[in-house]
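Here is the file model.cif (mmCIF, C-alpha atoms).
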data_work
loop_
_atom_site.group_PDB
_atom_site.id
_atom_site.type_symbol
_atom_site.label_atom_id
_atom_site.label_comp_id
_atom_site.auth_asym_id
_atom_site.auth_seq_id
_atom_site.Cartn_x
_atom_site.Cartn_y
_atom_site.Cartn_z
ATOM 1 C CA HIS A 22 47.262 64.606 94.947
ATOM 2 C CA PRO A 23 51.022 64.845 94.112
ATOM 3 C CA ILE A 24 51.187 68.057 96.161
ATOM 4 C CA THR A 25 49.732 66.379 99.223
ATOM 5 C CA GLU A 26 51.899 63.305 98.724
ATOM 6 C CA ARG A 27 55.032 65.448 98.539
ATOM 7 C CA VAL A 28 54.421 67.366 101.762
ATOM 8 C CA VAL A 29 53.126 64.472 103.889
ATOM 9 C CA GLY A 30 55.137 61.599 102.413
ATOM 10 C CA VAL A 31 52.161 59.292 101.865
ATOM 11 C CA ASP A 32 51.294 57.460 98.644
ATOM 12 C CA LEU A 33 47.600 58.397 98.429
ATOM 13 C CA VAL A 34 46.808 56.197 95.428
ATOM 14 C CA LYS A 35 48.302 53.198 97.199
ATOM 15 C CA GLU A 36 46.108 53.902 100.224
ATOM 16 C CA GLN A 37 43.024 54.160 98.007
ATOM 17 C CA ILE A 38 43.809 50.764 96.486
ATOM 18 C CA ARG A 39 44.227 49.300 99.951
ATOM 19 C CA ILE A 40 40.808 50.596 100.996
ATOM 20 C CA ALA A 41 39.194 49.312 97.785
ATOM 21 C CA SER A 42 40.694 45.907 98.560
ATOM 22 C CA GLY A 43 39.086 45.873 101.995
ATOM 23 C CA GLU A 44 42.285 46.666 103.906
ATOM 24 C CA LYS A 45 42.803 49.335 106.540
ATOM 25 C CA LEU A 46 44.675 52.587 106.103
ATOM 26 C CA SER A 47 48.387 52.386 106.849
ATOM 27 C CA HIS A 48 48.362 55.695 108.720
ATOM 28 C CA LYS A 49 46.292 57.429 111.340
ATOM 29 C CA GLN A 50 45.420 61.113 111.050
ATOM 30 C CA LYS A 51 47.429 62.023 114.145
ATOM 31 C CA SER A 52 50.574 60.529 112.568
ATOM 32 C CA ILE A 53 50.383 62.762 109.477
ATOM 33 C CA ARG A 54 52.820 65.689 109.507
ATOM 34 C CA GLN A 55 53.205 68.271 106.763
ATOM 35 C CA THR A 56 56.756 69.236 105.850
ATOM 36 C CA GLY A 57 57.758 72.085 103.586
ATOM 37 C CA HIS A 58 55.850 73.592 100.672
ATOM 38 C CA ALA A 59 55.007 72.166 97.240
ATOM 39 C CA ILE A 60 53.570 73.623 94.042
ATOM 40 C CA GLU A 61 52.448 71.971 90.820
ATOM 41 C CA CYS A 62 52.529 73.060 87.196
ATOM 42 C CA ARG A 63 50.566 71.124 84.601
ATOM 43 C CA ILE A 64 52.413 70.861 81.312
ATOM 44 C CA TYR A 65 49.904 70.908 78.458
ATOM 45 C CA ALA A 66 50.220 70.704 74.691
ATOM 46 C CA GLU A 67 48.339 73.946 74.173
ATOM 47 C CA ASP A 68 48.826 77.523 72.986
ATOM 48 C CA PRO A 69 48.221 80.118 75.729
ATOM 49 C CA GLU A 70 48.322 82.854 73.086
ATOM 50 C CA LYS A 71 45.306 81.298 71.330
ATOM 51 C CA ASN A 72 43.025 80.959 74.320
ATOM 52 C CA PHE A 73 44.830 77.760 75.386
ATOM 53 C CA MET A 74 43.822 75.884 72.263
ATOM 54 C CA PRO A 75 45.067 72.241 72.246
ATOM 55 C CA GLN A 76 48.089 71.611 70.042
ATOM 56 C CA PRO A 77 48.113 67.940 68.947
ATOM 57 C CA GLY A 78 51.178 66.719 67.138
ATOM 58 C CA LEU A 79 54.351 64.620 67.276
ATOM 59 C CA ILE A 80 56.860 65.131 70.075
ATOM 60 C CA LYS A 81 60.299 65.287 68.455
ATOM 61 C CA HIS A 82 62.391 65.813 71.579
ATOM 62 C CA ILE A 83 61.729 65.867 75.307
ATOM 63 C CA THR A 84 64.069 66.503 78.237
ATOM 64 C CA GLN A 85 62.385 66.417 81.621
ATOM 65 C CA PRO A 86 63.846 68.201 84.659
ATOM 66 C CA THR A 87 65.406 66.363 87.564
ATOM 67 C CA GLY A 88 67.103 67.297 90.803
ATOM 68 C CA LEU A 89 66.371 67.709 94.480
ATOM 69 C CA GLY A 90 62.725 68.458 95.222
ATOM 70 C CA ILE A 91 61.524 67.887 91.646
ATOM 71 C CA ARG A 92 58.931 65.294 90.611
ATOM 72 C CA SER A 93 57.544 64.839 87.100
ATOM 73 C CA ASP A 94 54.518 62.599 86.555
ATOM 74 C CA GLY A 95 54.241 62.119 82.811
ATOM 75 C CA TYR A 96 53.746 59.494 80.141
ATOM 76 C CA VAL A 97 54.950 60.903 76.817
ATOM 77 C CA TYR A 98 58.205 60.143 75.013
ATOM 78 C CA GLU A 99 60.093 61.138 71.882
ATOM 79 C CA GLY A 100 58.005 60.010 68.927
ATOM 80 C CA TYR A 101 54.745 60.071 70.879
ATOM 81 C CA GLU A 102 51.856 61.821 69.133
ATOM 82 C CA ILE A 103 49.570 64.027 71.193
ATOM 83 C CA PRO A 104 46.084 62.911 70.043
ATOM 84 C CA ILE A 105 43.094 65.097 69.224
ATOM 85 C CA HIS A 106 40.620 62.954 71.158
ATOM 86 C CA TYR A 107 41.762 63.476 74.754
ATOM 87 C CA ASP A 108 42.982 66.032 77.267
ATOM 88 C CA PRO A 109 46.373 67.336 75.959
ATOM 89 C CA LEU A 110 48.013 66.986 79.384
ATOM 90 C CA ILE A 111 51.683 66.001 79.039
ATOM 91 C CA SER A 112 52.760 65.832 82.666
ATOM 92 C CA LYS A 113 52.396 67.180 86.179
ATOM 93 C CA LEU A 114 55.525 68.935 87.384
ATOM 94 C CA ILE A 115 55.903 69.254 91.149
ATOM 95 C CA ALA A 116 58.508 71.262 93.048
ATOM 96 C CA TRP A 117 59.065 70.937 96.790
ATOM 97 C CA GLY A 118 61.019 73.225 99.080
ATOM 98 C CA GLU A 119 61.424 73.919 102.759
ATOM 99 C CA ASN A 120 59.257 77.008 102.215
ATOM 100 C CA ARG A 121 57.222 78.662 99.456
ATOM 101 C CA THR A 122 60.100 80.811 98.217
ATOM 102 C CA GLU A 123 62.372 77.804 97.749
ATOM 103 C CA ALA A 124 59.603 75.814 96.050
ATOM 104 C CA ILE A 125 59.044 78.625 93.531
ATOM 105 C CA LYS A 126 62.768 78.911 92.817
ATOM 106 C CA ARG A 127 63.017 75.186 92.193
ATOM 107 C CA MET A 128 59.984 75.283 89.937
ATOM 108 C CA LYS A 129 61.515 78.096 87.902
ATOM 109 C CA ARG A 130 64.680 76.049 87.455
ATOM 110 C CA ALA A 131 62.684 72.947 86.519
ATOM 111 C CA LEU A 132 60.621 74.812 83.920
ATOM 112 C CA TYR A 133 63.835 76.196 82.421
ATOM 113 C CA GLU A 134 65.221 72.663 82.101
ATOM 114 C CA TYR A 135 62.007 71.231 80.650
ATOM 115 C CA LYS A 136 62.484 71.073 76.867
ATOM 116 C CA ILE A 137 59.907 69.819 74.357
ATOM 117 C CA THR A 138 59.924 70.305 70.593
ATOM 118 C CA GLY A 139 57.407 69.308 67.948
ATOM 119 C CA VAL A 140 54.357 70.679 69.752
ATOM 120 C CA LYS A 141 53.634 73.978 71.426
ATOM 121 C CA THR A 142 53.352 73.714 75.208
ATOM 122 C CA SER A 143 52.429 75.790 78.235
ATOM 123 C CA ILE A 144 55.982 75.666 79.661
ATOM 124 C CA ASN A 145 56.971 79.250 78.836
ATOM 125 C CA PHE A 146 53.617 80.554 80.040
ATOM 126 C CA LEU A 147 54.045 78.744 83.359
ATOM 127 C CA ALA A 148 57.589 80.105 83.664
ATOM 128 C CA ARG A 149 56.238 83.641 83.353
ATOM 129 C CA ILE A 150 53.670 82.919 86.061
ATOM 130 C CA MET A 151 56.511 82.151 88.477
ATOM 131 C CA ASP A 152 57.708 85.766 88.158
ATOM 132 C CA VAL A 153 54.350 87.469 88.711
ATOM 133 C CA PRO A 154 54.334 89.370 92.049
ATOM 134 C CA ASP A 155 50.817 88.179 92.906
ATOM 135 C CA LEU A 156 51.926 84.552 92.617
ATOM 136 C CA ILE A 157 55.066 85.131 94.638
ATOM 137 C CA ASP A 158 53.074 86.871 97.385
ATOM 138 C CA GLY A 159 50.316 84.259 97.335
ATOM 139 C CA LYS A 160 47.699 86.831 96.311
ATOM 140 C CA TYR A 161 45.763 85.162 93.531
ATOM 141 C CA ASP A 162 42.268 83.980 92.659
ATOM 142 C CA THR A 163 40.267 82.840 89.622
ATOM 143 C CA HIS A 164 40.907 86.222 87.950
ATOM 144 C CA PHE A 165 44.691 85.823 88.147
ATOM 145 C CA ILE A 166 45.327 85.394 84.405
ATOM 146 C CA GLU A 167 43.007 88.202 83.373
ATOM 147 C CA LYS A 168 44.467 90.535 85.988
ATOM 148 C CA ASN A 169 48.076 89.805 84.994
ATOM 149 C CA LYS A 170 47.514 89.394 81.267
ATOM 150 C CA ASP A 171 50.159 91.971 80.321
ATOM 151 C CA LEU A 172 52.801 90.059 82.272
ATOM 152 C CA LEU A 173 51.751 86.593 81.177
ATOM 153 C CA MET A 174 51.105 86.835 77.469
ATOM 154 C CA ALA A 175 54.214 86.715 75.299
ATOM 155 C CA THR A 176 55.052 89.038 72.438
ATOM 156 C CA ASP A 177 54.119 88.294 68.848
ATOM 157 C CA ILE A 178 57.392 86.448 68.254
ATOM 158 C CA ARG A 179 56.740 82.962 66.888
ATOM 159 C CA CYS A 180 59.197 80.072 66.693
ATOM 160 C CA ASP A 181 58.525 77.397 64.065
ATOM 161 C CA THR A 182 60.140 73.950 63.900
ATOM 162 C CA LEU A 183 63.292 75.261 62.174
ATOM 163 C CA CYS A 184 63.599 77.989 64.797
ATOM 164 C CA GLN A 185 63.327 75.381 67.581
ATOM 165 C CA ASP A 186 66.014 73.213 65.966
ATOM 166 C CA ILE A 187 68.356 76.182 65.684
ATOM 167 C CA ALA A 188 67.765 77.066 69.339
ATOM 168 C CA ILE A 189 68.631 73.516 70.420
ATOM 169 C CA ILE A 190 71.820 73.531 68.307
ATOM 170 C CA ALA A 191 72.836 76.905 69.723
ATOM 171 C CA ALA A 192 72.277 75.707 73.291
ATOM 172 C CA TYR A 193 74.367 72.577 72.615
ATOM 173 C CA ILE A 194 77.219 74.584 71.082
ATOM 174 C CA ASP A 195 77.202 76.905 74.076
ATOM 175 C CA TYR A 196 77.341 73.906 76.407
ATOM 176 C CA THR A 197 80.250 72.248 74.558
ATOM 177 C CA ASN A 198 82.133 75.558 74.487
ATOM 178 C CA LYS A 199 81.871 75.762 78.254
ATOM 179 C CA LEU A 200 83.128 72.195 78.596
ATOM 180 C CA ALA A 201 86.057 72.971 76.284
ATOM 181 C CA LYS A 202 87.232 75.654 78.685
ATOM 182 C CA LEU A 203 87.802 73.043 81.361
ATOM 183 C CA GLN A 204 91.359 71.795 81.596
ATOM 184 C CA PRO A 205 91.922 68.170 80.527
ATOM 185 C CA LEU A 206 91.777 65.936 83.566
ATOM 186 C CA LYS A 207 95.137 64.561 84.719
ATOM 187 C CA PRO A 208 95.948 62.495 87.816
ATOM 188 C CA ALA A 209 98.517 65.014 89.051
ATOM 189 C CA ASP A 210 101.146 67.419 87.800
ATOM 190 C CA LYS A 211 104.893 67.028 88.290
ATOM 191 C CA ASN A 212 104.659 68.776 91.639
ATOM 192 C CA GLY A 213 102.078 66.296 92.892
ATOM 193 C CA ASN A 214 99.160 68.726 92.852
ATOM 194 C CA SER A 215 95.849 66.955 92.226
ATOM 195 C CA HIS A 216 93.754 68.037 89.243
ATOM 196 C CA TRP A 217 90.642 66.312 90.580
ATOM 197 C CA LYS A 218 89.837 69.141 92.966
ATOM 198 C CA THR A 219 90.437 71.800 90.324
ATOM 199 C CA TYR A 220 88.334 69.910 87.788
ATOM 200 C CA GLY A 221 85.483 69.447 90.240
ATOM 201 C CA ARG A 222 85.396 73.139 91.112
ATOM 202 C CA LYS A 223 85.380 74.185 87.472
ATOM 203 C CA LYS A 224 82.824 71.586 86.483
ATOM 204 C CA ASN A 225 80.421 72.912 89.141
ATOM 205 C CA LEU A 226 80.492 76.266 87.380
ATOM 206 C CA VAL A 227 79.138 74.792 84.170
ATOM 207 C CA ARG A 228 75.419 75.440 83.767
ATOM 208 C CA ILE A 229 73.173 74.632 80.835
#
Would you give me this structure, written as structure tokens?
Amino acid sequence: HPITERVVGVDLVKEQIRIASGEKLSHKQKSIRQTGHAIECRIYAEDPEKNFMPQPGLIKHITQPTGLGIRSDGYVYEGYEIPIHYDPLISKLIAWGENRTEAIKRMKRALYEYKITGVKTSINFLARIMDVPDLIDGKYDTHFIEKNKDLLMATDIRCDTLCQDIAIIAAYIDYTNKLAKLQPLKPADKNGNSHWKTYGRKKNLVRI
């Protein structure tokens, strides 16, 4: 339902509650208009390389993506333990764009920003899906994974907890190095030239 909600702008769950309470729908069918394109990726605590086996465990760190056109419906937090008794779904990640191409690009960016350590997730697998030609062209069916197995399944490289910690530290060092290259912010130089504009332009170049 998040996909439908995103393209029509209607809270479907709210409308269901209204109906269950004996109230009328807030909208008529003729008033519904679809705008843009939306896609959804389900973030699971599972290992795609092991036939999508659930991966229960403790979430040590989580950074969820934000930005224009991005919606993340989740419930977990740092310190939360993925249980063995239920579906290992972590969140539903939705990307909206004016068209399919833009929606895919935004989803790729969102998956790149989505960081979870402590448990193995489907994030990298989903990121690879975004680059598969069949997905981009909208030519897919229930045999999609089997057909594109060579493109979707990662190499034999494994990253344990220590490896993940090192990767996070390296990413942070890279980020701080980029910030260090920015000139210290000053109100103006002796000639009256504003540093705000220069700072803003440079800051926009910084990407994590």
Nearest to Ala131 of chain A, restricted to all atoms listed in the file and choosing among A:Glu102, A:Asp162, A:Glu70, A:Glu61, comes out as A:Glu61
Let me have the centre and edge lengths of the axis-aligned box enclosing all listed atoms of segment 23-36 of chain A with 8 Å padding on every side, in Å to one decimal, as AutoDock Vina command-line options.
--center_x 50.6 --center_y 60.6 --center_z 99.0 --size_x 25.0 --size_y 30.9 --size_z 25.8
If you count only C-alpha atoms, the residue of A:Phe73, A:Ile24, A:Asp186, A:Leu79 closest to Ile166 of chain A turns out to be A:Phe73
Would you translate the PyMOL selection byres ((chain A and resi 89-98) around 9) into the concrete set of residues it matches in this file, as a short mmCIF file (atom, residue, chain, number, x, y, z; two decimals) with C-alpha atoms, in the coordinates of the input?
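What landed in selection-v6.cif:
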data_model
loop_
_atom_site.label_atom_id
_atom_site.label_comp_id
_atom_site.auth_asym_id
_atom_site.auth_seq_id
_atom_site.Cartn_x
_atom_site.Cartn_y
_atom_site.Cartn_z
CA PRO A 23 51.02 64.84 94.11
CA ARG A 27 55.03 65.45 98.54
CA ALA A 59 55.01 72.17 97.24
CA ILE A 80 56.86 65.13 70.08
CA LYS A 81 60.30 65.29 68.46
CA HIS A 82 62.39 65.81 71.58
CA ILE A 83 61.73 65.87 75.31
CA GLN A 85 62.38 66.42 81.62
CA PRO A 86 63.85 68.20 84.66
CA THR A 87 65.41 66.36 87.56
CA GLY A 88 67.10 67.30 90.80
CA GLU A 99 60.09 61.14 71.88
CA GLY A 100 58.00 60.01 68.93
CA TYR A 101 54.74 60.07 70.88
CA GLU A 102 51.86 61.82 69.13
CA ILE A 103 49.57 64.03 71.19
CA LEU A 110 48.01 66.99 79.38
CA ILE A 111 51.68 66.00 79.04
CA SER A 112 52.76 65.83 82.67
CA LYS A 113 52.40 67.18 86.18
CA LEU A 114 55.52 68.94 87.38
CA ILE A 115 55.90 69.25 91.15
CA ALA A 116 58.51 71.26 93.05
CA TRP A 117 59.06 70.94 96.79
CA GLY A 118 61.02 73.22 99.08
CA ALA A 124 59.60 75.81 96.05
CA ARG A 127 63.02 75.19 92.19
CA MET A 128 59.98 75.28 89.94
CA ALA A 131 62.68 72.95 86.52
#
Assuming the chain letters and numbering stay as they are in my file, what does the PyMOL selection byres ((chain A and resi 147) around 10) actually select? List them as a short mmCIF file (atom, residue, chain, number, x, y, z; two decimals) with C-alpha atoms, in the frame of the given file.
data_model
loop_
_atom_site.label_atom_id
_atom_site.label_comp_id
_atom_site.auth_asym_id
_atom_site.auth_seq_id
_atom_site.Cartn_x
_atom_site.Cartn_y
_atom_site.Cartn_z
CA CYS A 62 52.53 73.06 87.20
CA ARG A 63 50.57 71.12 84.60
CA ILE A 64 52.41 70.86 81.31
CA PRO A 69 48.22 80.12 75.73
CA MET A 128 59.98 75.28 89.94
CA LYS A 129 61.52 78.10 87.90
CA LEU A 132 60.62 74.81 83.92
CA THR A 142 53.35 73.71 75.21
CA SER A 143 52.43 75.79 78.24
CA ILE A 144 55.98 75.67 79.66
CA ASN A 145 56.97 79.25 78.84
CA PHE A 146 53.62 80.55 80.04
CA ALA A 148 57.59 80.10 83.66
CA ARG A 149 56.24 83.64 83.35
CA ILE A 150 53.67 82.92 86.06
CA MET A 151 56.51 82.15 88.48
CA ASP A 152 57.71 85.77 88.16
CA LEU A 173 51.75 86.59 81.18
#
Name the residues captured by the PyMOL selection byres ((chain A and resi 77) around 8) when it is applied to the shown file; answer as number ranges by chain.
A: 66-67, 75-76, 78-79, 102-105, 109, 140
request  = Return the single residue from A:Glu167, A:Ala188, A:Leu172, A:Asp108 that is closest to Lys136 of chain A, with distances computed using all atoms listed in the file.
outcome  =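 Once distances to Lys136 of chain A are computed over all atoms listed in the file, the minimum belongs to A:Ala188.
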Report task. Tell me which of A:His58, A:His106, A:Lys160, A:Lys141 sits closest to Asn120 of chain A, counting all atoms listed in the file. Result ->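 Among the listed residues, the smallest separation from Asn120 of chain A belongs to A:His58.
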Counting all atoms listed in the file, closest pick from A:Gly159, A:Tyr107, A:Gly57, A:Gly139 relative to Glu26 of chain A is A:Gly57
Separation of atom CA of Ile189 of chain A and atom CA of Arg130 of chain A, in Å?
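Separation of atom CA of Ile189 of chain A and atom CA of Arg130 of chain A: 17.7 Å.
Comparing the minimum interatomic distances between Val31 of chain A and each of A:Asn169, A:Asp158, A:Gln55, A:Gly43, counting all atoms listed in the file, we find that A:Gln55 sits nearest.
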Check your understanding: atom CA of Ile157 of chain A to atom CA of Ile60 of chain A: how many Å, to one decimal?
Key ->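 Computing the Euclidean distance for atom CA of Ile157 of chain A and atom CA of Ile60 of chain A yields 11.6 Å.
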Worksheet item: What is the distance, in Å and to one decimal place, between atom CA of Asp195 of chain A and atom CA of Ile125 of chain A?
Response: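 Taking atom CA of Asp195 of chain A and atom CA of Ile125 of chain A, their separation equals 26.7 Å.
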